[in-house]
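These notes are about the structure you will find just below.
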Amino acid sequence: MRLLLTGLAFLSALQTCTADIPNKIYGVNLGSWLVLEPWMLPQEWLDMGGQQCSDCSQCIASEYAFAQAYPKTVDEIFDKHWSTWFTQDHVNQLKANGINTVRIPLGYWIVEALVDRETEFYPRGGIRQLRRGLKELRDAGIAAILDHHALPGVQTAGQMFTGRCTSDVEFYTPYNYHRALIWTAVMTTLSHLDPNFESVFSIEAVNEPIMDASQTPGYGDFQKNFVKTVRAVELILGINVPGVNWFSKTSSANFTSAISSAVGTTTSDIFTPEIKSVLLDTIPILVELGAELSLDTIFNINSASSPLRTKRDPLVTNFMDINWQHNNPSNPADAAIGPQGYDNHLYYNFGGVADPNPDAYMTSICNLQRVQNDAALGNSPLWFGEWGLPTQFDATDEFLNQWADAQKLAYSQGKGWIFWNFKVEISELAGDLARQWSYLEGVKRGYLTKDPSAVHDPHVCDSFKGNSTSATR
């Protein structure tokens, strides 16, 4: 195959152009777009050919099960979903409502070469839709986080968000860690070399790993390898990484050749045997993507459209915070090389946070100490990458106004917040799902202010602060 990924030399003389992390993140998740969760669009899922059941592993209730059931039509059906679930109109609405960041859940299968088609079943073509959406977001000035939401082998049991509902969790193995690192290398490359990815400022390593660290063997090493993979690609690209003294010595005008040269010659601590293996395994995938997506001119440093005509800053590596796990977890801060951010998710409706009544909810959120507790362990800046308005009780409109304000005030103590989700289906079958799960519907109903930095009542927590609570962690 003709080698299409061209153009990489040391770029220190070029001027800086990068997708900066916002001073304060006001964001939404683009959930159920490129990783579909049927509970969020029940009628569309049935219309597509999916099923509903109480145990999502027992019917067609995940992307894996759907692709396995409909191998001949899955790509066409999902392309229609991708084209309609998130559109230019949604970008316009988000911009009009002051949103400055989106978190984009992605499955490992968006890098199609990583999928074992004999045993793994997923739709194809998502990378083109990702590029389309990122271009629209870029043009609107909205920053993006690429969230590795569904990992090879499945990182958490029985969850639609992993792409496959199963009790067979296999992510925490050398084979699947390696595949996840190849995915990381590909996404890092595209984030710097494809103009459509220009708004990407961060890549998240793993969405919601198992919370018991004793069940995630090797995860701490994976965290370190994730960061090293991102930084290795960036160093080969000639991107300066703070605290790292390493310069590309290759004179090759071809990126894949530059990778081979770096792997063969460098002695940097970042380029461990595992990272070198990951980089070498990434080369044929980049070549294939270059051909598929017609990226030959983009990857040519002499092309007028090449992003490499301006110098890029390093991406922000991103992990779920240390307090996501218990039972002696590894600290992702130990993996940091260059800029790094931390993600926490907080949902009250699943229980275990506060008693199911309005006063307990408000007492808990108004005394929340997660930002401070994480900072004490080096996990800063922290943003809340998933939260919403759902409750364990029937909430009044008045309470949802207070609940939205209190959460925004608590999460803005850190780097900011990203609501789950930008929308959910509005249908008879979905009932009133959108009332507490859809950001755009929440703004429409008045629970969420049109200006995301504002609240209805800045004193909403005054009467709850300092009250006794066991849920301030």
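Within each chain, counting starts at residue 1; across the structure tokens, chains are named A, B, ... in the order shown, with ligands numbered 1 upward in that order.
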Per-residue nearest contacts of segment 317-348 of chain A to segment 200-218 of chain A (7 Å; only C-alpha atoms) as CSV:
residue,atom,partner,partner_atom,distance
A:Thr317,CA,A:Ile203,CA,5.6
A:Asn318,CA,A:Glu204,CA,4.4
A:Phe319,CA,A:Glu204,CA,5.7
A:Met320,CA,A:Glu208,CA,6.9
A:Trp324,CA,A:Met211,CA,6.2
A:Gln325,CA,A:Met211,CA,4.3
A:His326,CA,A:Asp212,CA,5.3
A:Asn327,CA,A:Ala213,CA,5.5
A:Asn328,CA,A:Ala213,CA,6.4
A:Pro329,CA,A:Ala213,CA,5.1
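Note that DSSP on the backbone gives helix (DSSP H, G or I) to these residues of segment 136-167 of chain A: Glu136, Leu137, Arg138, Asp139, Ala140, Met160, Phe161 and Thr162 of chain A.
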In Å, rounded to a single decimal, give me how far atom CA of Pro273 of chain A is from atom CA of Asn245 of chain A. 19.3 Å
Find the residues around Ala180 of chain A up to 10 Å (only C-alpha atoms counted), leave out those fewer than 5 positions away in its own chain, and share them as a list in words.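 The filter keeps Tyr108, Leu114, His148, Ala150, Leu151, Pro152, Gly153, Phe171, Pro174, Tyr175, Ala185, Val186, Ala205, Val206, Phe222, Phe226 and Val278 of chain A.
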Keeping all heavy atoms, export the residues of the selection given above as a compact mmCIF listing (two decimals), in the first residue's frame.
# COMPACT_ATOMS: atom_id res chain seq x y z
N TYR A 108 -13.53 1.36 21.49
CA TYR A 108 -12.26 0.99 20.86
C TYR A 108 -12.47 0.62 19.40
O TYR A 108 -11.56 0.76 18.57
CB TYR A 108 -11.59 -0.17 21.62
CG TYR A 108 -12.18 -1.53 21.35
CD1 TYR A 108 -11.63 -2.37 20.38
CD2 TYR A 108 -13.28 -2.00 22.06
CE1 TYR A 108 -12.17 -3.62 20.12
CE2 TYR A 108 -13.82 -3.24 21.82
CZ TYR A 108 -13.27 -4.06 20.85
OH TYR A 108 -13.81 -5.29 20.59
N LEU A 114 -8.52 -2.74 15.28
CA LEU A 114 -8.34 -3.36 16.59
C LEU A 114 -9.36 -4.45 16.87
O LEU A 114 -9.22 -5.21 17.83
CB LEU A 114 -8.44 -2.29 17.69
CG LEU A 114 -7.33 -1.25 17.73
CD1 LEU A 114 -7.63 -0.20 18.79
CD2 LEU A 114 -5.98 -1.91 18.01
N HIS A 148 -12.30 7.43 26.05
CA HIS A 148 -12.30 6.00 25.75
C HIS A 148 -13.33 5.34 26.68
O HIS A 148 -13.01 4.88 27.77
CB HIS A 148 -10.92 5.40 25.92
CG HIS A 148 -10.72 4.17 25.09
ND1 HIS A 148 -9.50 3.55 24.95
CD2 HIS A 148 -11.58 3.43 24.35
CE1 HIS A 148 -9.62 2.50 24.15
NE2 HIS A 148 -10.88 2.41 23.79
N ALA A 150 -15.59 2.78 26.03
CA ALA A 150 -15.82 1.34 25.93
C ALA A 150 -14.53 0.68 25.49
O ALA A 150 -14.10 0.82 24.35
CB ALA A 150 -16.95 1.05 24.95
N LEU A 151 -13.91 -0.05 26.40
CA LEU A 151 -12.56 -0.57 26.22
C LEU A 151 -12.55 -1.98 25.62
O LEU A 151 -13.52 -2.73 25.79
CB LEU A 151 -11.81 -0.57 27.55
CG LEU A 151 -11.24 0.74 28.07
CD1 LEU A 151 -10.10 1.23 27.21
CD2 LEU A 151 -12.30 1.82 28.24
N PRO A 152 -11.47 -2.35 24.95
CA PRO A 152 -11.37 -3.72 24.45
C PRO A 152 -11.45 -4.72 25.59
O PRO A 152 -10.80 -4.56 26.62
CB PRO A 152 -10.00 -3.76 23.76
CG PRO A 152 -9.25 -2.57 24.27
CD PRO A 152 -10.28 -1.56 24.61
N GLY A 153 -12.27 -5.73 25.42
CA GLY A 153 -12.44 -6.74 26.45
C GLY A 153 -13.49 -6.42 27.48
O GLY A 153 -13.85 -7.29 28.29
N PHE A 171 -10.84 -6.67 30.13
CA PHE A 171 -9.97 -5.54 29.81
C PHE A 171 -8.65 -5.60 30.55
O PHE A 171 -7.59 -5.26 30.01
CB PHE A 171 -10.69 -4.21 30.11
CG PHE A 171 -9.77 -3.02 30.03
CD1 PHE A 171 -9.12 -2.70 28.84
CD2 PHE A 171 -9.55 -2.21 31.13
CE1 PHE A 171 -8.26 -1.60 28.76
CE2 PHE A 171 -8.70 -1.12 31.07
CZ PHE A 171 -8.06 -0.81 29.88
N PRO A 174 -2.90 -8.11 29.72
CA PRO A 174 -1.88 -7.50 28.86
C PRO A 174 -2.34 -7.30 27.42
O PRO A 174 -2.04 -6.27 26.80
CB PRO A 174 -0.72 -8.50 28.95
CG PRO A 174 -0.87 -9.14 30.29
CD PRO A 174 -2.37 -9.25 30.50
N TYR A 175 -3.07 -8.27 26.86
CA TYR A 175 -3.51 -8.18 25.48
C TYR A 175 -4.42 -6.98 25.26
O TYR A 175 -4.25 -6.20 24.30
CB TYR A 175 -4.25 -9.47 25.10
CG TYR A 175 -4.96 -9.43 23.77
CD1 TYR A 175 -4.26 -9.31 22.57
CD2 TYR A 175 -6.36 -9.51 23.71
CE1 TYR A 175 -4.93 -9.27 21.35
CE2 TYR A 175 -7.02 -9.49 22.50
CZ TYR A 175 -6.31 -9.36 21.32
OH TYR A 175 -6.96 -9.32 20.12
N ALA A 185 -2.57 5.73 20.79
CA ALA A 185 -1.59 6.27 19.85
C ALA A 185 -2.26 6.80 18.59
O ALA A 185 -1.89 7.86 18.06
CB ALA A 185 -0.55 5.20 19.49
N VAL A 186 -3.26 6.08 18.11
CA VAL A 186 -3.99 6.52 16.91
C VAL A 186 -4.72 7.84 17.19
O VAL A 186 -4.66 8.80 16.39
CB VAL A 186 -4.98 5.44 16.44
CG1 VAL A 186 -5.90 5.98 15.34
CG2 VAL A 186 -4.23 4.21 15.95
N ALA A 205 -8.37 8.12 29.43
CA ALA A 205 -7.84 6.76 29.28
C ALA A 205 -8.90 5.68 29.40
O ALA A 205 -8.98 4.79 28.55
CB ALA A 205 -6.75 6.51 30.33
N VAL A 206 -9.72 5.76 30.43
CA VAL A 206 -10.71 4.70 30.70
C VAL A 206 -11.91 5.33 31.40
O VAL A 206 -11.77 5.96 32.45
CB VAL A 206 -10.14 3.58 31.61
CG1 VAL A 206 -11.20 2.51 31.86
CG2 VAL A 206 -8.89 2.97 31.02
N PHE A 222 -0.91 0.36 33.46
CA PHE A 222 -1.58 0.86 32.25
C PHE A 222 -1.67 2.38 32.27
O PHE A 222 -1.47 3.03 31.24
CB PHE A 222 -2.97 0.25 32.11
CG PHE A 222 -3.78 0.89 31.01
CD1 PHE A 222 -3.55 0.54 29.68
CD2 PHE A 222 -4.74 1.86 31.29
CE1 PHE A 222 -4.27 1.15 28.65
CE2 PHE A 222 -5.46 2.46 30.27
CZ PHE A 222 -5.22 2.10 28.94
N PHE A 226 -0.29 4.59 29.34
CA PHE A 226 -1.17 5.49 28.59
C PHE A 226 -0.51 6.85 28.40
O PHE A 226 -0.46 7.39 27.28
CB PHE A 226 -2.51 5.65 29.32
CG PHE A 226 -3.40 6.72 28.76
CD1 PHE A 226 -4.23 6.47 27.68
CD2 PHE A 226 -3.41 8.00 29.33
CE1 PHE A 226 -5.04 7.46 27.15
CE2 PHE A 226 -4.22 9.00 28.81
CZ PHE A 226 -5.04 8.73 27.73
N VAL A 278 3.88 -0.83 20.99
CA VAL A 278 2.63 -0.15 20.67
C VAL A 278 2.80 0.73 19.43
O VAL A 278 1.98 0.71 18.50
CB VAL A 278 2.15 0.70 21.87
CG1 VAL A 278 1.05 1.67 21.44
CG2 VAL A 278 1.65 -0.20 22.99
Report, in Å with one decimal, the straight-line distance from atom CA of Asn254 of chain A to atom CA of His178 of chain A.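 Straight-line distance from atom CA of Asn254 of chain A to atom CA of His178 of chain A works out to 24.4 Å.
In this model, the gap between atom CA of Tyr219 of chain A and atom CA of Ser330 of chain A comes to 7.5 Å.
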Fewer than 5 positions away in the same chain doesn't count, so skip those; otherwise give me all residues within 12 Å of Pro356 of chain A, counting only C-alpha atoms, as an MDAnalysis selection string. chainID A and resid 348:351 361:364 390:395
How would the residues just picked look written out with all heavy atoms as an mmCIF file, in the first residue's frame?
data_model
loop_
_atom_site.group_PDB
_atom_site.id
_atom_site.type_symbol
_atom_site.label_atom_id
_atom_site.label_comp_id
_atom_site.auth_asym_id
_atom_site.auth_seq_id
_atom_site.Cartn_x
_atom_site.Cartn_y
_atom_site.Cartn_z
ATOM 1 N N TYR A 348 -26.622 10.779 42.174
ATOM 2 C CA TYR A 348 -27.307 10.478 43.426
ATOM 3 C C TYR A 348 -28.406 9.436 43.249
ATOM 4 O O TYR A 348 -28.783 8.753 44.198
ATOM 5 C CB TYR A 348 -27.897 11.766 44.005
ATOM 6 C CG TYR A 348 -26.883 12.621 44.742
ATOM 7 C CD1 TYR A 348 -25.846 13.244 44.062
ATOM 8 C CD2 TYR A 348 -26.966 12.796 46.117
ATOM 9 C CE1 TYR A 348 -24.920 14.033 44.727
ATOM 10 C CE2 TYR A 348 -26.040 13.584 46.798
ATOM 11 C CZ TYR A 348 -25.020 14.205 46.095
ATOM 12 O OH TYR A 348 -24.101 14.975 46.766
ATOM 13 N N ASN A 349 -28.939 9.310 42.035
ATOM 14 C CA ASN A 349 -30.114 8.467 41.831
ATOM 15 C C ASN A 349 -29.821 6.976 41.946
ATOM 16 O O ASN A 349 -30.735 6.165 42.094
ATOM 17 C CB ASN A 349 -30.731 8.738 40.461
ATOM 18 C CG ASN A 349 -29.753 8.505 39.321
ATOM 19 O OD1 ASN A 349 -28.677 9.100 39.293
ATOM 20 N ND2 ASN A 349 -30.100 7.649 38.376
ATOM 21 N N PHE A 350 -28.533 6.584 41.895
ATOM 22 C CA PHE A 350 -28.196 5.162 42.011
ATOM 23 C C PHE A 350 -28.008 4.732 43.466
ATOM 24 O O PHE A 350 -27.755 3.563 43.746
ATOM 25 C CB PHE A 350 -26.931 4.851 41.213
ATOM 26 C CG PHE A 350 -27.092 5.096 39.735
ATOM 27 C CD1 PHE A 350 -26.234 5.949 39.064
ATOM 28 C CD2 PHE A 350 -28.118 4.489 39.019
ATOM 29 C CE1 PHE A 350 -26.384 6.187 37.710
ATOM 30 C CE2 PHE A 350 -28.279 4.716 37.664
ATOM 31 C CZ PHE A 350 -27.415 5.574 37.002
ATOM 32 N N GLY A 351 -28.122 5.681 44.407
ATOM 33 C CA GLY A 351 -28.021 5.354 45.822
ATOM 34 C C GLY A 351 -26.591 5.376 46.334
ATOM 35 O O GLY A 351 -25.619 5.476 45.573
ATOM 36 N N TYR A 361 -30.144 15.307 50.081
ATOM 37 C CA TYR A 361 -29.421 15.611 48.839
ATOM 38 C C TYR A 361 -28.719 16.962 48.940
ATOM 39 O O TYR A 361 -27.534 17.098 48.589
ATOM 40 C CB TYR A 361 -30.403 15.629 47.659
ATOM 41 C CG TYR A 361 -30.611 14.303 46.975
ATOM 42 C CD1 TYR A 361 -30.700 13.110 47.695
ATOM 43 C CD2 TYR A 361 -30.756 14.230 45.601
ATOM 44 C CE1 TYR A 361 -30.921 11.897 47.052
ATOM 45 C CE2 TYR A 361 -30.977 13.028 44.945
ATOM 46 C CZ TYR A 361 -31.058 11.867 45.677
ATOM 47 O OH TYR A 361 -31.271 10.672 45.036
ATOM 48 N N MET A 362 -29.441 17.970 49.396
ATOM 49 C CA MET A 362 -28.875 19.317 49.462
ATOM 50 C C MET A 362 -27.777 19.409 50.511
ATOM 51 O O MET A 362 -26.748 20.065 50.290
ATOM 52 C CB MET A 362 -29.980 20.329 49.744
ATOM 53 C CG MET A 362 -30.981 20.486 48.605
ATOM 54 S SD MET A 362 -30.246 21.142 47.087
ATOM 55 C CE MET A 362 -29.905 22.822 47.610
ATOM 56 N N THR A 363 -27.957 18.755 51.625
ATOM 57 C CA THR A 363 -26.920 18.756 52.653
ATOM 58 C C THR A 363 -25.645 18.119 52.123
ATOM 59 O O THR A 363 -24.533 18.619 52.339
ATOM 60 C CB THR A 363 -27.401 18.006 53.907
ATOM 61 O OG1 THR A 363 -28.539 18.674 54.449
ATOM 62 C CG2 THR A 363 -26.296 17.949 54.957
ATOM 63 N N SER A 364 -25.801 17.025 51.396
ATOM 64 C CA SER A 364 -24.647 16.332 50.843
ATOM 65 C C SER A 364 -23.913 17.197 49.821
ATOM 66 O O SER A 364 -22.705 17.430 49.931
ATOM 67 C CB SER A 364 -25.082 15.014 50.197
ATOM 68 O OG SER A 364 -24.028 14.434 49.465
ATOM 69 N N PRO A 390 -31.227 13.494 37.846
ATOM 70 C CA PRO A 390 -32.050 12.392 38.360
ATOM 71 C C PRO A 390 -31.961 12.235 39.881
ATOM 72 O O PRO A 390 -30.915 12.489 40.489
ATOM 73 C CB PRO A 390 -31.472 11.165 37.651
ATOM 74 C CG PRO A 390 -30.885 11.707 36.396
ATOM 75 C CD PRO A 390 -30.311 13.036 36.795
ATOM 76 N N THR A 391 -33.059 11.813 40.466
ATOM 77 C CA THR A 391 -33.160 11.612 41.909
ATOM 78 C C THR A 391 -33.815 10.263 42.190
ATOM 79 O O THR A 391 -34.401 9.643 41.308
ATOM 80 C CB THR A 391 -34.010 12.725 42.546
ATOM 81 O OG1 THR A 391 -35.326 12.705 41.949
ATOM 82 C CG2 THR A 391 -33.377 14.097 42.323
ATOM 83 N N GLN A 392 -33.706 9.841 43.439
ATOM 84 C CA GLN A 392 -34.363 8.604 43.860
ATOM 85 C C GLN A 392 -35.801 8.837 44.302
ATOM 86 O O GLN A 392 -36.487 7.900 44.722
ATOM 87 C CB GLN A 392 -33.593 7.976 45.025
ATOM 88 C CG GLN A 392 -32.189 7.522 44.686
ATOM 89 C CD GLN A 392 -31.412 7.198 45.950
ATOM 90 O OE1 GLN A 392 -30.940 8.088 46.639
ATOM 91 N NE2 GLN A 392 -31.306 5.922 46.268
ATOM 92 N N PHE A 393 -36.257 10.054 44.235
ATOM 93 C CA PHE A 393 -37.613 10.398 44.661
ATOM 94 C C PHE A 393 -38.242 11.291 43.591
ATOM 95 O O PHE A 393 -37.557 11.789 42.687
ATOM 96 C CB PHE A 393 -37.585 11.125 46.013
ATOM 97 C CG PHE A 393 -36.634 12.285 46.058
ATOM 98 C CD1 PHE A 393 -37.018 13.557 45.650
ATOM 99 C CD2 PHE A 393 -35.321 12.109 46.491
ATOM 100 C CE1 PHE A 393 -36.136 14.624 45.679
ATOM 101 C CE2 PHE A 393 -34.430 13.167 46.523
ATOM 102 C CZ PHE A 393 -34.834 14.433 46.115
ATOM 103 N N ASP A 394 -39.545 11.493 43.680
ATOM 104 C CA ASP A 394 -40.235 12.352 42.727
ATOM 105 C C ASP A 394 -39.906 13.805 43.051
ATOM 106 O O ASP A 394 -40.384 14.358 44.052
ATOM 107 C CB ASP A 394 -41.749 12.119 42.792
ATOM 108 C CG ASP A 394 -42.142 10.748 42.270
ATOM 109 O OD1 ASP A 394 -41.405 10.215 41.416
ATOM 110 O OD2 ASP A 394 -43.174 10.209 42.720
ATOM 111 N N ALA A 395 -39.090 14.406 42.212
ATOM 112 C CA ALA A 395 -38.626 15.766 42.473
ATOM 113 C C ALA A 395 -39.581 16.788 41.866
ATOM 114 O O ALA A 395 -40.032 16.644 40.723
ATOM 115 C CB ALA A 395 -37.233 15.957 41.890
#
If you count only C-alpha atoms, which residues fall within 9 Å of segment 93-103 of chain A, apart from same-chain ones fewer than 2 positions away, as an MDAnalysis selection string? chainID A and resid 21:22 24:31 88:91 105 137 140:147 385 418 422 440 443 449:453
Could you give me, as JSON, numbers by chain, each residue of segment 380-425 of chain A that DSSP assigns to strand (DSSP E or B) when run on this structure's backbone? {"A": [382, 383, 384, 385, 386, 416, 417, 418, 419]}
Store the residues picked out above in a file with N, CA and C atoms, as a PDB file, in the first residue's frame.
ATOM      1  N   LEU A 382      -9.478  18.981  38.728  1.00  0.00           N
ATOM      2  CA  LEU A 382     -10.561  17.998  38.696  1.00  0.00           C
ATOM      3  C   LEU A 382     -11.790  18.622  38.065  1.00  0.00           C
ATOM      4  N   TRP A 383     -12.370  17.885  37.119  1.00  0.00           N
ATOM      5  CA  TRP A 383     -13.690  18.270  36.623  1.00  0.00           C
ATOM      6  C   TRP A 383     -14.651  17.107  36.808  1.00  0.00           C
ATOM      7  N   PHE A 384     -15.927  17.425  36.845  1.00  0.00           N
ATOM      8  CA  PHE A 384     -16.962  16.405  37.035  1.00  0.00           C
ATOM      9  C   PHE A 384     -17.510  16.057  35.662  1.00  0.00           C
ATOM     10  N   GLY A 385     -17.041  14.925  35.130  1.00  0.00           N
ATOM     11  CA  GLY A 385     -17.293  14.565  33.745  1.00  0.00           C
ATOM     12  C   GLY A 385     -18.643  13.943  33.486  1.00  0.00           C
ATOM     13  N   GLU A 386     -19.358  13.575  34.548  1.00  0.00           N
ATOM     14  CA  GLU A 386     -20.738  13.094  34.407  1.00  0.00           C
ATOM     15  C   GLU A 386     -21.511  13.474  35.660  1.00  0.00           C
ATOM     16  N   GLY A 416     -14.627  22.497  36.609  1.00  0.00           N
ATOM     17  CA  GLY A 416     -15.904  22.658  35.946  1.00  0.00           C
ATOM     18  C   GLY A 416     -16.677  21.362  35.859  1.00  0.00           C
ATOM     19  N   TRP A 417     -17.619  21.321  34.920  1.00  0.00           N
ATOM     20  CA  TRP A 417     -18.544  20.187  34.881  1.00  0.00           C
ATOM     21  C   TRP A 417     -18.979  19.876  33.454  1.00  0.00           C
ATOM     22  N   ILE A 418     -19.409  18.596  33.267  1.00  0.00           N
ATOM     23  CA  ILE A 418     -19.877  18.109  31.975  1.00  0.00           C
ATOM     24  C   ILE A 418     -21.136  17.273  32.238  1.00  0.00           C
ATOM     25  N   PHE A 419     -22.272  17.780  31.828  1.00  0.00           N
ATOM     26  CA  PHE A 419     -23.564  17.175  32.137  1.00  0.00           C
ATOM     27  C   PHE A 419     -23.785  15.922  31.280  1.00  0.00           C
TER      28      PHE A 419
END
Nearest to Thr188 of chain A: which of A:Asn421, A:Thr282, A:Asn467, A:Thr173 is it, counting only C-alpha atoms? A:Thr282
Report as an mmCIF file with N, CA and C atoms, in the first residue's frame all protein, DNA and RNA residues lying within 12 Å of Gly414 of chain A, evaluated on only C-alpha atoms, omitting residues in the same chain fewer than 5 positions from it.
data_model
loop_
_atom_site.group_PDB
_atom_site.id
_atom_site.type_symbol
_atom_site.label_atom_id
_atom_site.label_comp_id
_atom_site.auth_asym_id
_atom_site.auth_seq_id
_atom_site.Cartn_x
_atom_site.Cartn_y
_atom_site.Cartn_z
ATOM 1 N N ASN A 23 -10.850 27.902 30.712
ATOM 2 C CA ASN A 23 -10.562 28.316 32.085
ATOM 3 C C ASN A 23 -11.519 27.656 33.062
ATOM 4 N N LYS A 24 -12.783 27.555 32.683
ATOM 5 C CA LYS A 24 -13.778 26.821 33.446
ATOM 6 C C LYS A 24 -14.603 26.014 32.445
ATOM 7 N N ILE A 25 -14.701 24.725 32.685
ATOM 8 C CA ILE A 25 -15.404 23.840 31.760
ATOM 9 C C ILE A 25 -16.905 23.879 32.039
ATOM 10 N N TYR A 26 -17.671 24.238 31.025
ATOM 11 C CA TYR A 26 -19.128 24.131 31.054
ATOM 12 C C TYR A 26 -19.503 23.234 29.880
ATOM 13 N N GLY A 341 -5.359 16.032 33.686
ATOM 14 C CA GLY A 341 -6.584 16.370 34.386
ATOM 15 C C GLY A 341 -7.256 15.121 34.925
ATOM 16 N N TYR A 342 -8.229 15.327 35.813
ATOM 17 C CA TYR A 342 -8.861 14.228 36.525
ATOM 18 C C TYR A 342 -10.377 14.381 36.456
ATOM 19 N N ASP A 343 -11.060 13.250 36.423
ATOM 20 C CA ASP A 343 -12.494 13.193 36.151
ATOM 21 C C ASP A 343 -13.185 12.464 37.289
ATOM 22 N N ASN A 344 -14.294 13.038 37.772
ATOM 23 C CA ASN A 344 -15.112 12.373 38.770
ATOM 24 C C ASN A 344 -16.559 12.367 38.291
ATOM 25 N N LEU A 368 -19.967 19.095 49.802
ATOM 26 C CA LEU A 368 -19.106 18.186 49.051
ATOM 27 C C LEU A 368 -17.646 18.620 49.147
ATOM 28 N N GLN A 369 -16.761 17.645 49.367
ATOM 29 C CA GLN A 369 -15.328 17.925 49.517
ATOM 30 C C GLN A 369 -14.477 17.189 48.489
ATOM 31 N N ARG A 370 -15.062 16.748 47.400
ATOM 32 C CA ARG A 370 -14.302 15.937 46.458
ATOM 33 C C ARG A 370 -13.166 16.717 45.803
ATOM 34 N N VAL A 371 -13.384 17.955 45.471
ATOM 35 C CA VAL A 371 -12.320 18.744 44.854
ATOM 36 C C VAL A 371 -11.142 18.865 45.810
ATOM 37 N N GLN A 372 -11.431 19.175 47.067
ATOM 38 C CA GLN A 372 -10.371 19.344 48.058
ATOM 39 C C GLN A 372 -9.676 18.017 48.372
ATOM 40 N N ASN A 373 -10.460 16.948 48.498
ATOM 41 C CA ASN A 373 -9.869 15.647 48.814
ATOM 42 C C ASN A 373 -8.973 15.148 47.688
ATOM 43 N N ASP A 374 -9.394 15.361 46.454
ATOM 44 C CA ASP A 374 -8.575 14.949 45.313
ATOM 45 C C ASP A 374 -7.302 15.784 45.221
ATOM 46 N N ALA A 375 -7.433 17.086 45.454
ATOM 47 C CA ALA A 375 -6.271 17.966 45.368
ATOM 48 C C ALA A 375 -5.207 17.554 46.386
ATOM 49 N N ASN A 379 -4.567 15.063 42.618
ATOM 50 C CA ASN A 379 -5.503 14.910 41.491
ATOM 51 C C ASN A 379 -6.203 16.237 41.206
ATOM 52 N N SER A 380 -5.451 17.128 40.612
ATOM 53 C CA SER A 380 -5.945 18.449 40.273
ATOM 54 C C SER A 380 -5.253 18.926 38.994
ATOM 55 N N PRO A 381 -5.985 19.546 38.057
ATOM 56 C CA PRO A 381 -7.379 19.994 38.151
ATOM 57 C C PRO A 381 -8.369 18.846 38.018
ATOM 58 N N LEU A 382 -9.478 18.981 38.728
ATOM 59 C CA LEU A 382 -10.561 17.998 38.696
ATOM 60 C C LEU A 382 -11.790 18.622 38.065
ATOM 61 N N TRP A 383 -12.370 17.885 37.119
ATOM 62 C CA TRP A 383 -13.690 18.270 36.623
ATOM 63 C C TRP A 383 -14.651 17.107 36.808
ATOM 64 N N PHE A 384 -15.927 17.425 36.845
ATOM 65 C CA PHE A 384 -16.962 16.405 37.035
ATOM 66 C C PHE A 384 -17.510 16.057 35.662
ATOM 67 N N GLY A 385 -17.041 14.925 35.130
ATOM 68 C CA GLY A 385 -17.293 14.565 33.745
ATOM 69 C C GLY A 385 -18.643 13.943 33.486
ATOM 70 N N GLN A 407 -25.566 21.705 42.455
ATOM 71 C CA GLN A 407 -24.534 20.880 41.818
ATOM 72 C C GLN A 407 -23.561 21.744 41.022
ATOM 73 N N LYS A 408 -24.064 22.697 40.276
ATOM 74 C CA LYS A 408 -23.180 23.559 39.497
ATOM 75 C C LYS A 408 -22.216 24.327 40.406
ATOM 76 N N LEU A 409 -22.720 24.817 41.525
ATOM 77 C CA LEU A 409 -21.856 25.538 42.459
ATOM 78 C C LEU A 409 -20.784 24.619 43.044
#
A:Glu37, A:Leu389, A:Ala113, A:Asp168 ranked by distance to Pro284 of chain A, top pick (using only C-alpha atoms):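 The closest residue to Pro284 of chain A is A:Ala113.
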